[in-house]
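J.: This is coords.pdb, which holds PDB, C-alpha atoms:
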```
ATOM      1  CA  MET K  10       7.840 -46.109   1.539
ATOM      2  CA  ALA K  11       7.154 -43.730   4.402
ATOM      3  CA  ALA K  12       6.572 -45.203   7.846
ATOM      4  CA  LEU K  13       2.911 -45.982   8.441
ATOM      5  CA  GLU K  14       1.004 -45.008  11.540
ATOM      6  CA  LEU K  15      -2.029 -46.726  12.961
ATOM      7  CA  GLU K  16      -5.052 -44.456  12.668
ATOM      8  CA  PRO K  17      -7.331 -44.293  15.733
ATOM      9  CA  THR K  18     -10.242 -45.343  13.518
ATOM     10  CA  THR K  19      -8.479 -48.415  12.129
ATOM     11  CA  THR K  20     -10.309 -51.621  13.005
ATOM     12  CA  VAL K  21      -9.387 -55.257  12.511
ATOM     13  CA  GLU K  22     -12.150 -55.564   9.925
ATOM     14  CA  SER K  23     -11.103 -52.515   7.894
ATOM     15  CA  ALA K  24      -7.433 -53.543   7.923
ATOM     16  CA  ALA K  25      -8.271 -57.113   6.881
ATOM     17  CA  TRP K  26     -10.565 -55.872   4.123
ATOM     18  CA  ALA K  27      -7.825 -53.615   2.763
ATOM     19  CA  THR K  28      -5.462 -56.560   2.263
ATOM     20  CA  TYR K  29      -7.729 -57.838  -0.535
ATOM     21  CA  SER K  30      -7.360 -54.644  -2.575
ATOM     22  CA  ASN K  31      -5.957 -54.960  -6.097
ATOM     23  CA  ASP K  32      -3.900 -51.867  -5.316
ATOM     24  CA  ARG K  33      -0.709 -53.267  -3.822
ATOM     25  CA  ASN K  34      -0.058 -50.137  -1.739
ATOM     26  CA  VAL K  35      -3.527 -50.354  -0.181
ATOM     27  CA  ALA K  36      -3.089 -54.085   0.486
ATOM     28  CA  PHE K  37       0.315 -53.464   2.058
ATOM     29  CA  THR K  38      -1.074 -50.705   4.279
ATOM     30  CA  GLY K  39      -3.881 -52.965   5.450
ATOM     31  CA  MET K  40      -1.415 -55.719   6.280
ATOM     32  CA  VAL K  41       0.850 -53.346   8.216
ATOM     33  CA  HIS K  42      -2.138 -52.105  10.196
ATOM     34  CA  LEU K  43      -3.055 -55.697  11.051
ATOM     35  CA  ARG K  44       0.497 -56.338  12.188
ATOM     36  CA  MET K  45       0.444 -53.196  14.339
ATOM     37  CA  LEU K  46      -2.803 -54.277  15.972
ATOM     38  CA  LEU K  47      -1.280 -57.691  16.647
ATOM     39  CA  CYS K  48       1.725 -56.004  18.298
ATOM     40  CA  SER K  49      -0.457 -54.220  20.855
ATOM     41  CA  GLU K  50      -0.507 -55.137  24.549
ATOM     42  CA  GLU K  51      -3.740 -57.068  24.057
ATOM     43  CA  PRO K  52      -3.471 -58.359  20.495
ATOM     44  CA  PRO K  53      -6.854 -59.114  18.891
ATOM     45  CA  ILE K  54      -5.747 -62.540  17.647
ATOM     46  CA  ALA K  55      -9.206 -64.107  17.742
ATOM     47  CA  GLU K  56     -10.739 -61.162  15.904
ATOM     48  CA  VAL K  57      -8.101 -61.309  13.188
ATOM     49  CA  ILE K  58      -8.686 -65.031  12.675
ATOM     50  CA  GLU K  59     -12.462 -64.500  12.548
ATOM     51  CA  THR K  60     -12.097 -62.103   9.599
ATOM     52  CA  GLY K  61     -10.832 -65.002   7.488
ATOM     53  CA  VAL K  62      -7.691 -63.096   6.507
ATOM     54  CA  LEU K  63      -5.203 -65.870   7.335
ATOM     55  CA  PRO K  64      -5.109 -67.384   3.806
ATOM     56  CA  ARG K  65      -4.512 -63.902   2.385
ATOM     57  CA  LEU K  66      -1.563 -63.277   4.699
ATOM     58  CA  ILE K  67      -0.101 -66.681   3.822
ATOM     59  CA  GLN K  68      -0.584 -65.882   0.125
ATOM     60  CA  PHE K  69       1.651 -62.831   0.560
ATOM     61  CA  LEU K  70       4.525 -65.118   1.585
ATOM     62  CA  SER K  71       4.938 -66.160  -2.052
ATOM     63  CA  LEU K  72       5.709 -62.593  -3.196
ATOM     64  CA  SER K  73       9.421 -63.226  -3.644
ATOM     65  CA  ASP K  74       9.790 -59.948  -5.557
ATOM     66  CA  ASP K  75       8.792 -57.929  -2.473
ATOM     67  CA  THR K  76      10.523 -58.869   0.776
ATOM     68  CA  ASN K  77       8.731 -56.036   2.589
ATOM     69  CA  PHE K  78       5.439 -57.781   1.905
ATOM     70  CA  GLN K  79       6.880 -61.102   3.002
ATOM     71  CA  CYS K  80       8.356 -59.725   6.224
ATOM     72  CA  GLU K  81       5.186 -57.883   7.249
ATOM     73  CA  ALA K  82       3.020 -60.933   6.548
ATOM     74  CA  LEU K  83       5.453 -63.144   8.468
ATOM     75  CA  TRP K  84       5.495 -60.714  11.383
ATOM     76  CA  ALA K  85       1.697 -60.706  11.622
ATOM     77  CA  LEU K  86       1.483 -64.499  11.361
ATOM     78  CA  THR K  87       4.269 -64.922  13.921
ATOM     79  CA  ASN K  88       2.314 -62.814  16.399
ATOM     80  CA  ILE K  89      -0.810 -64.889  15.826
ATOM     81  CA  CYS K  90       1.220 -67.989  16.726
ATOM     82  CA  SER K  91       2.746 -66.366  19.802
ATOM     83  CA  GLY K  92      -0.266 -66.608  22.063
ATOM     84  CA  SER K  93      -1.109 -69.316  24.575
ATOM     85  CA  ASN K  94      -4.106 -70.585  22.616
ATOM     86  CA  THR K  95      -3.214 -73.804  20.808
ATOM     87  CA  LYS K  96      -6.442 -73.644  18.799
ATOM     88  CA  GLN K  97      -5.391 -70.315  17.278
ATOM     89  CA  THR K  98      -2.009 -71.716  16.241
ATOM     90  CA  GLU K  99      -3.808 -74.711  14.772
ATOM     91  CA  GLU K 100      -5.930 -72.380  12.634
ATOM     92  CA  VAL K 101      -2.753 -70.988  11.070
ATOM     93  CA  ILE K 102      -1.408 -74.492  10.427
ATOM     94  CA  ILE K 103      -4.667 -75.607   8.803
ATOM     95  CA  CYS K 104      -4.420 -72.670   6.409
ATOM     96  CA  GLY K 105      -1.193 -74.158   5.038
ATOM     97  CA  ILE K 106       1.523 -71.947   6.494
ATOM     98  CA  LEU K 107       4.112 -74.644   7.223
ATOM     99  CA  PRO K 108       5.183 -75.574   3.658
ATOM    100  CA  GLN K 109       5.511 -71.869   2.860
ATOM    101  CA  LEU K 110       7.643 -71.181   5.918
ATOM    102  CA  LEU K 111       9.910 -74.145   5.270
ATOM    103  CA  ASP K 112      10.325 -73.171   1.629
ATOM    104  CA  LEU K 113      11.328 -69.627   2.632
ATOM    105  CA  LEU K 114      13.775 -70.973   5.188
ATOM    106  CA  SER K 115      15.318 -73.351   2.655
ATOM    107  CA  SER K 116      15.740 -70.941  -0.221
ATOM    108  CA  SER K 117      15.089 -67.260   0.500
ATOM    109  CA  PRO K 118      18.166 -65.088  -0.100
ATOM    110  CA  ASP K 119      16.895 -62.465   2.347
ATOM    111  CA  VAL K 120      18.125 -62.824   5.927
ATOM    112  CA  ASP K 121      15.240 -60.809   7.396
ATOM    113  CA  VAL K 122      12.692 -63.072   5.712
ATOM    114  CA  CYS K 123      14.507 -66.163   6.999
ATOM    115  CA  GLU K 124      14.776 -64.764  10.506
ATOM    116  CA  GLN K 125      11.052 -64.022  10.647
ATOM    117  CA  ALA K 126      10.215 -67.460   9.196
ATOM    118  CA  THR K 127      12.448 -69.030  11.850
ATOM    119  CA  TRP K 128      10.655 -67.070  14.548
ATOM    120  CA  ALA K 129       7.233 -68.217  13.284
ATOM    121  CA  LEU K 130       8.285 -71.872  13.093
ATOM    122  CA  SER K 131       9.862 -71.690  16.540
ATOM    123  CA  ASN K 132       6.640 -70.255  17.985
ATOM    124  CA  ILE K 133       4.679 -73.115  16.440
ATOM    125  CA  CYS K 134       7.145 -75.674  17.861
ATOM    126  CA  GLY K 135       6.842 -74.070  21.270
ATOM    127  CA  ASP K 136       3.037 -74.174  21.220
ATOM    128  CA  CYS K 137       2.641 -77.876  22.000
ATOM    129  CA  ALA K 138       4.356 -81.219  21.411
ATOM    130  CA  VAL K 139       1.900 -82.190  18.649
ATOM    131  CA  HIS K 140       2.659 -79.084  16.617
ATOM    132  CA  ARG K 141       6.380 -79.396  17.341
ATOM    133  CA  ASP K 142       6.428 -82.966  16.061
ATOM    134  CA  TYR K 143       4.542 -82.012  12.909
ATOM    135  CA  VAL K 144       6.996 -79.204  12.152
ATOM    136  CA  LEU K 145       9.938 -81.575  12.685
ATOM    137  CA  HIS K 146       8.290 -84.227  10.509
ATOM    138  CA  LEU K 147       8.023 -81.745   7.629
ATOM    139  CA  GLY K 148      11.774 -81.086   7.736
ATOM    140  CA  PHE K 149      12.334 -78.115  10.024
ATOM    141  CA  PHE K 150      15.925 -78.929  10.965
ATOM    142  CA  PRO K 151      17.260 -79.497   7.412
ATOM    143  CA  ALA K 152      15.587 -76.280   6.227
ATOM    144  CA  LEU K 153      16.976 -74.330   9.185
ATOM    145  CA  PHE K 154      20.507 -75.662   8.660
ATOM    146  CA  LYS K 155      20.414 -74.593   5.003
ATOM    147  CA  ALA K 156      19.591 -71.066   6.131
ATOM    148  CA  MET K 157      22.370 -71.162   8.737
ATOM    149  CA  ALA K 158      24.829 -72.077   5.990
ATOM    150  CA  ARG K 159      23.644 -69.191   3.794
ATOM    151  CA  PHE K 160      23.845 -66.655   6.600
ATOM    152  CA  GLN K 161      26.892 -67.937   8.424
ATOM    153  CA  ASN K 162      28.149 -64.421   9.179
ATOM    154  CA  GLN K 163      24.817 -63.035  10.412
ATOM    155  CA  ARG K 164      25.079 -63.255  14.194
ATOM    156  CA  THR K 165      21.508 -62.108  14.877
ATOM    157  CA  PHE K 166      20.104 -64.807  12.611
ATOM    158  CA  LEU K 167      22.339 -67.487  14.116
ATOM    159  CA  ARG K 168      21.119 -66.610  17.594
ATOM    160  CA  LYS K 169      17.525 -66.897  16.427
ATOM    161  CA  ALA K 170      18.375 -70.238  14.822
ATOM    162  CA  ALA K 171      19.936 -71.556  18.047
ATOM    163  CA  TRP K 172      16.772 -70.588  19.935
ATOM    164  CA  ALA K 173      14.683 -72.364  17.286
ATOM    165  CA  ILE K 174      16.749 -75.551  17.624
ATOM    166  CA  SER K 175      16.168 -75.413  21.376
ATOM    167  CA  ASN K 176      12.401 -75.012  20.874
ATOM    168  CA  GLY K 177      12.456 -77.945  18.469
ATOM    169  CA  CYS K 178      13.919 -80.116  21.232
ATOM    170  CA  ARG K 179      11.733 -78.804  24.033
ATOM    171  CA  GLY K 180       8.580 -80.334  25.473
ATOM    172  CA  ARG K 181       7.282 -83.677  26.623
ATOM    173  CA  PRO K 182       7.145 -86.247  25.349
ATOM    174  CA  THR K 183      10.657 -85.729  23.964
ATOM    175  CA  PRO K 184      10.747 -85.548  20.138
ATOM    176  CA  ASP K 185      11.165 -88.848  18.334
ATOM    177  CA  ILE K 186      14.778 -89.914  18.099
ATOM    178  CA  SER K 187      14.508 -90.277  14.325
ATOM    179  CA  HIS K 188      14.644 -86.485  13.978
ATOM    180  CA  PHE K 189      18.168 -86.437  15.440
ATOM    181  CA  LYS K 190      19.845 -89.227  13.518
ATOM    182  CA  PRO K 191      21.962 -88.511  10.416
ATOM    183  CA  SER K 192      19.917 -88.915   7.246
ATOM    184  CA  ASP K 193      20.595 -92.002   5.150
ATOM    185  CA  ALA K 194      21.260 -89.823   2.133
ATOM    186  CA  GLY K 195      23.743 -87.753   4.120
ATOM    187  CA  GLU K 196      22.618 -84.547   2.455
ATOM    188  CA  SER K 197      22.203 -82.608   5.694
ATOM    189  CA  ILE K 198      24.121 -82.321   8.933
ATOM    190  CA  SER K 199      22.228 -84.007  11.786
ATOM    191  CA  PRO K 200      20.789 -81.902  14.635
ATOM    192  CA  LEU K 201      23.137 -83.544  17.149
ATOM    193  CA  ALA K 202      26.147 -82.821  14.956
ATOM    194  CA  MET K 203      24.968 -79.219  14.767
ATOM    195  CA  LEU K 204      24.596 -79.042  18.551
ATOM    196  CA  ALA K 205      28.055 -80.552  18.980
ATOM    197  CA  ALA K 206      29.450 -77.900  16.671
ATOM    198  CA  LEU K 207      27.652 -75.162  18.568
ATOM    199  CA  LEU K 208      29.275 -76.336  21.790
ATOM    200  CA  GLN K 209      32.766 -77.226  20.650
ATOM    201  CA  CYS K 210      35.700 -74.974  19.997
ATOM    202  CA  GLY K 211      37.548 -77.362  17.716
ATOM    203  CA  ASP K 212      38.011 -77.590  13.985
ATOM    204  CA  MET K 213      34.625 -78.744  12.719
ATOM    205  CA  TYR K 214      32.861 -77.820   9.490
ATOM    206  CA  ILE K 215      30.042 -75.928  11.067
ATOM    207  CA  LEU K 216      32.140 -74.223  13.730
ATOM    208  CA  THR K 217      33.532 -71.454  11.616
ATOM    209  CA  LEU K 218      30.099 -71.191  10.139
ATOM    210  CA  LEU K 219      28.636 -70.452  13.563
ATOM    211  CA  GLN K 220      31.461 -68.389  15.067
ATOM    212  CA  CYS K 221      31.182 -70.461  18.232
ATOM    213  CA  GLY K 222      31.763 -68.677  21.509
ATOM    214  CA  ASP K 223      28.604 -66.592  21.474
ATOM    215  CA  MET K 224      27.208 -67.026  24.988
ATOM    216  CA  TYR K 225      23.582 -66.920  23.864
ATOM    217  CA  ILE K 226      24.185 -69.617  21.243
ATOM    218  CA  LEU K 227      26.009 -71.781  23.796
ATOM    219  CA  SER K 228      23.146 -71.362  26.254
ATOM    220  CA  GLU K 229      20.452 -72.338  23.739
ATOM    221  CA  ALA K 230      22.484 -75.344  22.537
ATOM    222  CA  SER K 231      22.927 -76.458  26.156
ATOM    223  CA  TRP K 232      19.197 -76.108  26.847
ATOM    224  CA  ALA K 233      18.409 -78.144  23.725
ATOM    225  CA  LEU K 234      20.599 -80.957  25.019
ATOM    226  CA  SER K 235      19.118 -80.722  28.483
ATOM    227  CA  TYR K 236      15.668 -81.287  26.946
ATOM    228  CA  LEU K 237      16.854 -84.189  24.791
ATOM    229  CA  THR K 238      18.508 -85.947  27.720
ATOM    230  CA  ASP K 239      15.053 -86.433  29.252
ATOM    231  CA  SER K 240      14.865 -89.353  26.806
ATOM    232  CA  PRO K 241      17.054 -92.464  27.400
ATOM    233  CA  SER K 242      17.174 -93.202  23.665
ATOM    234  CA  CYS K 243      18.391 -89.675  22.951
ATOM    235  CA  ILE K 244      21.026 -90.023  25.668
ATOM    236  CA  LYS K 245      22.500 -93.047  23.901
ATOM    237  CA  LEU K 246      22.621 -91.126  20.643
ATOM    238  CA  ILE K 247      24.238 -88.114  22.335
ATOM    239  CA  ILE K 248      26.911 -90.292  23.955
ATOM    240  CA  SER K 249      27.610 -91.971  20.617
ATOM    241  CA  THR K 250      28.681 -88.641  19.064
ATOM    242  CA  GLY K 251      31.740 -88.674  21.329
ATOM    243  CA  ALA K 252      31.910 -84.875  21.269
ATOM    244  CA  ILE K 253      28.929 -83.543  23.174
ATOM    245  CA  ILE K 254      29.611 -84.835  26.713
ATOM    246  CA  PRO K 255      33.206 -83.444  26.894
ATOM    247  CA  SER K 256      31.917 -80.107  25.610
ATOM    248  CA  LEU K 257      29.185 -79.983  28.260
ATOM    249  CA  ILE K 258      31.756 -80.728  30.959
ATOM    250  CA  ARG K 259      33.956 -77.861  29.736
ATOM    251  CA  LEU K 260      30.979 -75.510  29.843
ATOM    252  CA  LEU K 261      30.654 -76.040  33.605
ATOM    253  CA  SER K 262      33.690 -73.798  34.023
ATOM    254  CA  VAL K 263      32.105 -70.958  32.081
ATOM    255  CA  GLY K 264      31.105 -68.196  34.463
ATOM    256  CA  ASP K 265      27.576 -67.867  33.157
ATOM    257  CA  MET K 266      24.606 -69.481  34.911
ATOM    258  CA  ASN K 267      22.591 -69.415  31.682
ATOM    259  CA  ILE K 268      25.091 -71.943  30.317
ATOM    260  CA  GLN K 269      26.059 -73.817  33.484
ATOM    261  CA  VAL K 270      22.489 -74.671  34.540
ATOM    262  CA  PRO K 271      21.375 -76.435  31.332
ATOM    263  CA  ALA K 272      24.798 -78.077  30.910
ATOM    264  CA  LEU K 273      24.627 -79.441  34.458
ATOM    265  CA  ARG K 274      21.042 -80.595  33.955
ATOM    266  CA  ALA K 275      22.017 -82.453  30.764
ATOM    267  CA  LEU K 276      25.008 -84.102  32.441
ATOM    268  CA  GLY K 277      22.886 -85.038  35.446
ATOM    269  CA  ASN K 278      20.339 -86.703  33.162
ATOM    270  CA  VAL K 279      23.125 -88.657  31.455
ATOM    271  CA  ALA K 280      24.714 -89.692  34.765
ATOM    272  CA  THR K 281      21.460 -90.982  36.247
ATOM    273  CA  ALA K 282      20.148 -92.687  33.107
ATOM    274  CA  ARG K 283      19.700 -96.421  33.158
ATOM    275  CA  ALA K 284      21.933 -98.333  30.812
TER     276      ALA K 284
END
```
As structure tokens, how would this structure be written, given the file I've shared?

T.:
Amino acid sequence: MAALELEPTTTVESAAWATYSNDRNVAFTGMVHLRMLLCSEEPPIAEVIETGVLPRLIQFLSLSDDTNFQCEALWALTNICSGSNTKQTEEVIICGILPQLLDLLSSSPDVDVCEQATWALSNICGDCAVHRDYVLHLGFFPALFKAMARFQNQRTFLRKAAWAISNGCRGRPTPDISHFKPSDAGESISPLAMLAALLQCGDMYILTLLQCGDMYILSEASWALSYLTDSPSCIKLIISTGAIIPSLIRLLSVGDMNIQVPALRALGNVATARA
């Protein structure tokens, strides 16, 4: 399909209306125009929500036979969740986006779809602690780790995933410790085991999977741990892994402030924590 351009006469209303067309090409064009409008310097997020098009965009996520549709819909929805207005993000959640995003992350064979779903979920986590906790409660980490296993050689996706893990740990109050313990069923690696693997350079299952040594991944993993160490209960769990603290200490010798600062912050939190 040829690249689409945004016509000067295109409005939010006309683009939203087009997405309801029975002609798939017309619907796709309308959706792309909405996404383009949402990518502008002053995205008309409120206007898009007011058209009532959110359920239609979310409906497009189920079109597994057309990843272009899925990616464009995800892109538009991601941009709606990227603003500073918690109410707008809540509107997207109310429309039922989270189960769809988690399902895509768990099972989609397309790396671009999974990357965009990861971006959307990470934006929602970063919006506020309430939304972050809801996303974690629905199973964000297990779904993300399944995608990381499928796309173990896709460096761009793994970087996005590391950033998403960091956003899932960020904010106050600190996420409930239950999200970071190994599951009783043992069907998924725990978030702390994943963070340990991201930091270590030893022979661990997930290490080869993540091609550890990527500075961006190390930085995001370190920031995640610096956020978690704001909680005394999380500190105890981190210490109990036996692997994370030595890795953080080693990272202090890395000549990159983006890694040293969060590693030092995490270690400082551990050192000053009350027993």

J.: Could you expand the PyMOL selection byres ((chain K and resi 152-162) around 7) into the explicit residues it covers here, written as a PyMOL selection string?

T.: chain K and resi 111+114-115+120+148-151+163-164+167+218-219

J.: Would you output that residue set with C-alpha atoms, as a CSV table (one decimal), in the frame of the given file?

T.:
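The resulting file, selection04.csv, is shown below:
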```
chain,number,residue,atom,x,y,z
K,111,LEU,CA,9.9,-74.1,5.3
K,114,LEU,CA,13.8,-71.0,5.2
K,115,SER,CA,15.3,-73.4,2.7
K,120,VAL,CA,18.1,-62.8,5.9
K,148,GLY,CA,11.8,-81.1,7.7
K,149,PHE,CA,12.3,-78.1,10.0
K,150,PHE,CA,15.9,-78.9,11.0
K,151,PRO,CA,17.3,-79.5,7.4
K,163,GLN,CA,24.8,-63.0,10.4
K,164,ARG,CA,25.1,-63.3,14.2
K,167,LEU,CA,22.3,-67.5,14.1
K,218,LEU,CA,30.1,-71.2,10.1
K,219,LEU,CA,28.6,-70.5,13.6
```

J.: Written as a PyMOL selection string, what is the full residue list that the PyMOL selection byres ((chain K and resi 107) around 12) yields on the file shown?

T.: chain K and resi 67+70+83+86-87+90+98-106+108-114+126-127+129-134+140-141+143-149+152

J.: Just so the selection is clear, what residues does the PyMOL selection byres ((chain K and resi 80) around 12) cover here, as a PyMOL selection string?

T.: chain K and resi 37+40-41+44+66-67+69-79+81-87+110+113+117+119-129

J.: Would you mind reading off the distance between atom CA of Ser231 of chain K and atom CA of Pro271 of chain K, one decimal, in Å?

T.: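 Straight-line distance from atom CA of Ser231 of chain K to atom CA of Pro271 of chain K works out to 5.4 Å.
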
J.: Using only C-alpha atoms, collect all residues at a distance of at most 12 Å from (18.2, -95.0, 29.7) as written in the file, then present them as a ChimeraX atom specification.

T.: /K:237-248,278-284

J.: Atom CA of Ala205 of chain K and atom CA of Cys178 of chain K, how far apart in Å?

T.: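 Separation of atom CA of Cys178 of chain K and atom CA of Ala205 of chain K: 14.3 Å.
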
J.: Between atom CA of Arg65 of chain K and atom CA of Ser91 of chain K, what distance in Å does the model show, to one decimal?

T.: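 These two atoms are separated by 19.0 Å.
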
J.: So, counting only C-alpha atoms, which residue among K:Thr95, K:Ile174, K:Leu261, K:Asp136 is closest to Ala55 of chain K?

T.: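 Closest residue, counting only C-alpha atoms: K:Thr95.
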
J.: Would you give the centre and edge lengths, in Å to one decimal, of a box along x, y and z around the listed atoms of segment 27-35 of chain K, with 5 Å added to each side, as AutoDock Vina command-line options?

T.:
```
--center_x -3.9 --center_y -54.0 --center_z -1.7 --size_x 17.8 --size_y 17.7 --size_z 18.9
```
